[in-house]
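Below is one structure, written out as structure tokens; comments come after it.
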Amino acid sequence: MTWISDYELLITEKEVGGWIVDTNTGQKQKVTGWPQDIDPDGQGGLLDVLSDPLFASNRKLYVSFSHQDRSKGSTTRVASAELSPNLELVNWTVLFTALPYSGKVHHYGSRLALADDNLFISVGDRGQRHRSQDLSDHAGKIHRINKDGSIPKDNPFIGMTNKSGEPIPESIYSYGHRNPQGMFIDSQSNIWIHEHGPRGGDELNLVLKGKNYGWPIITYGKEYWGPSIGEGTHKKGMLQPEYYYVSSIAPSGLIRYEADLFKEWQGDFLLGALKGSHLNRLTEAKNTSSERDKKFEEHRYLEDLDVRIRDLEVDKQGAIYILTDEGNGKLIQVTP
């Protein structure tokens, strides 16, 4: 979901559709004009939506989705469109397509964030782990492009090749990621993501230009059937997470709270949890007894609602909105 005015959220649905919700009244209006080549199988469908900072005048949206090509499979694609007065999406322009395509239907990512006219895109490893470390491949990476789809001249791999002499896609900003489904750029221009681990090992990461975050060579998670993965939890040249979860919470949606309504929460991170069904809050650590807790400590809220939280937003007044994803999904406003 994304704000298109101070009180209206545009919300997308996995099975390809969308609504504008008036948060003052709860009224919904249907949005039409979605692409016909979206693959909703597995973890696919519409993935993220983001309004342009100048939306009030240009009516532009950025949308990520699982694109289907019958001869190749599916992949993560990002396109822009304009919302017409009759709430139809028009003037679609493809900005980014992750290559190569895959026959698998999971780990697409994909979250979007804007900073200084740069569009950041998360792409998952597509369930093929080796791709995260392959610098000839778009999967398992954070990408940075300009809003028109061109490549920023100061991206870290411009004109470079990998060890095999293959060209590195110039959109790559960081690599070694598993499946990031939360991204937030804070007021200090720090780029934060969280990503799913396997059985344990969900991570909160500060994204730095050109860095390797280790998946699947290092991880705090294990195989779903028990054994360890990779070479351990540390390796030279690979960054450690800012925080990791064992057991997994299956995070989705991420904000750093910078409003005034929840005064004691300023600067804290809020994550939706699909597993364990709660709102997860990370605060500055006071207990430094373990490496995992040296920066953050964890709090859990809204467990009594027993809902999977898919996305989070904050309005101008500082109220928090959580979007649930099971059955008939709900938009819930959270205030002190």
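Chain labels follow the order of the structure tokens: the first chain is A, the next B, and so on; residue numbering restarts at 1 in every chain, and ligands are counted from 1 in their shown order.
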List as a CSV table (one decimal) with C-alpha atoms, in the first residue's frame the protein and nucleic acid residues near stretch 214-222 of chain A, meaning an atom at most 10 Å away when only C-alpha atoms are counted, but skip any in the same chain fewer than 2 places from it.
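Below is the file around_13.csv, written as the result:
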chain,number,residue,atom,x,y,z
A,125,ASP,CA,16.8,-15.4,-4.9
A,128,GLN,CA,17.8,-20.8,-6.3
A,129,ARG,CA,20.3,-19.9,-3.6
A,130,HIS,CA,23.4,-19.7,-5.7
A,131,ARG,CA,21.9,-16.8,-7.7
A,132,SER,CA,22.4,-14.4,-4.8
A,133,GLN,CA,26.2,-14.6,-5.1
A,140,GLY,CA,19.1,-12.0,-4.6
A,175,TYR,CA,24.0,-8.6,-3.2
A,176,GLY,CA,23.8,-11.8,-1.1
A,177,HIS,CA,20.2,-11.4,-0.1
A,178,ARG,CA,17.6,-14.2,0.3
A,179,ASN,CA,14.1,-12.7,0.0
A,196,HIS,CA,13.3,-13.9,5.2
A,197,GLY,CA,15.6,-16.5,6.5
A,198,PRO,CA,14.9,-20.2,6.1
A,199,ARG,CA,14.2,-21.9,9.5
A,200,GLY,CA,15.4,-19.0,11.6
A,201,GLY,CA,17.7,-16.2,10.4
A,202,ASP,CA,15.3,-13.5,9.4
A,203,GLU,CA,17.5,-10.4,9.1
A,211,LYS,CA,28.3,-4.9,-0.2
A,212,ASN,CA,27.8,-8.6,0.1
A,224,TYR,CA,13.7,-26.7,7.1
A,225,TRP,CA,14.6,-30.3,7.8
A,226,GLY,CA,17.4,-29.4,10.3
A,227,PRO,CA,20.9,-29.3,8.9
A,228,SER,CA,23.1,-26.1,8.8
A,229,ILE,CA,23.4,-24.0,5.7
A,230,GLY,CA,26.6,-22.7,4.1
A,231,GLU,CA,29.8,-22.1,6.0
A,232,GLY,CA,28.5,-20.7,9.3
A,233,THR,CA,27.5,-17.3,10.5
A,234,HIS,CA,30.5,-15.2,9.7
A,235,LYS,CA,32.9,-14.8,6.8
A,236,LYS,CA,35.4,-12.1,5.8
A,237,GLY,CA,34.0,-9.7,3.3
A,238,MET,CA,30.4,-10.5,4.2
A,239,LEU,CA,28.3,-8.1,6.3
A,240,GLN,CA,26.5,-9.1,9.5
A,241,PRO,CA,22.8,-8.3,10.0
A,244,TYR,CA,18.4,-11.4,13.3
A,245,TYR,CA,15.5,-13.6,14.5
A,246,VAL,CA,15.7,-17.1,15.7
A,247,SER,CA,13.0,-18.5,15.5
A,248,SER,CA,11.7,-16.8,12.3
Find the distance between atom CA of A:Asp48 and atom CA of A:Asn190 and write it in Å to one decimal.
20.1 Å
Near A:Asn24, within 12 Å and counting only C-alpha atoms, which residues show up once chain neighbours fewer than 5 positions away are dropped, as number ranges by chain?
A: 5-9, 315, 333
Between atom CA of A:Phe96 and atom CA of A:Leu323, measure the distance and give it in Å to one decimal.
26.3 Å
Could you name the residues that touch A:Lys295 at 8 Å or less, counting only C-alpha atoms, but leaving out those on the same chain fewer than 4 positions away, as a PyMOL selection string?
chain A and resi 242-243+284-285+288
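Within stretch 39-122 of chain A, residues classed as alpha helix (DSSP H) by DSSP on backbone coordinates are A:Phe55, A:Ala56, A:Ser57, A:Asn58.
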Can you write out the residues you just picked, keeping all heavy atoms, as a compact mmCIF listing (two decimals), in the first residue's frame?
# COMPACT_ATOMS: atom_id res chain seq x y z
N PHE A 55 3.10 12.93 -6.92
CA PHE A 55 1.88 12.27 -7.38
C PHE A 55 0.71 13.23 -7.57
O PHE A 55 -0.07 13.08 -8.50
CB PHE A 55 1.47 11.17 -6.40
CG PHE A 55 0.21 10.45 -6.78
CD1 PHE A 55 0.24 9.40 -7.67
CD2 PHE A 55 -1.02 10.86 -6.28
CE1 PHE A 55 -0.92 8.75 -8.05
CE2 PHE A 55 -2.20 10.22 -6.66
CZ PHE A 55 -2.14 9.16 -7.54
N ALA A 56 0.59 14.22 -6.72
CA ALA A 56 -0.54 15.16 -6.81
C ALA A 56 -0.61 15.84 -8.17
O ALA A 56 -1.70 16.17 -8.66
CB ALA A 56 -0.45 16.20 -5.70
N SER A 57 0.55 16.01 -8.81
CA SER A 57 0.56 16.66 -10.13
C SER A 57 0.78 15.68 -11.27
O SER A 57 0.18 15.83 -12.34
CB SER A 57 1.64 17.75 -10.17
OG SER A 57 2.92 17.21 -9.88
N ASN A 58 1.63 14.65 -11.07
CA ASN A 58 1.91 13.75 -12.19
C ASN A 58 1.14 12.43 -12.16
O ASN A 58 1.18 11.66 -13.12
CB ASN A 58 3.41 13.47 -12.33
CG ASN A 58 4.00 12.69 -11.15
OD1 ASN A 58 3.30 12.03 -10.39
ND2 ASN A 58 5.33 12.77 -11.00
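Atom pair atom CA of A:Glu88 / atom CA of A:Gly73: separated by 27.7 Å.
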Filtered DSSP result for stretch 190-293 of chain A, state strand (DSSP E or B), as a VMD selection string:
chain A and resid 191 to 195 199 202 to 206 212 222 228 238 243 to 245 251 to 256 269 to 273 278 to 284
Skip A:His138 itself and residues of its chain fewer than 4 positions away, then list as number ranges by chain all residues within 8 Å of it, counting only C-alpha atoms.
A: 98-100, 123, 131, 169, 172
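Near A:Tyr321, within 7 Å and counting only C-alpha atoms, sit Leu312, Glu313, Val314, Leu331, Ile332, Gln333 and Val334 of chain A, not including residues fewer than 5 positions from it in the same chain.
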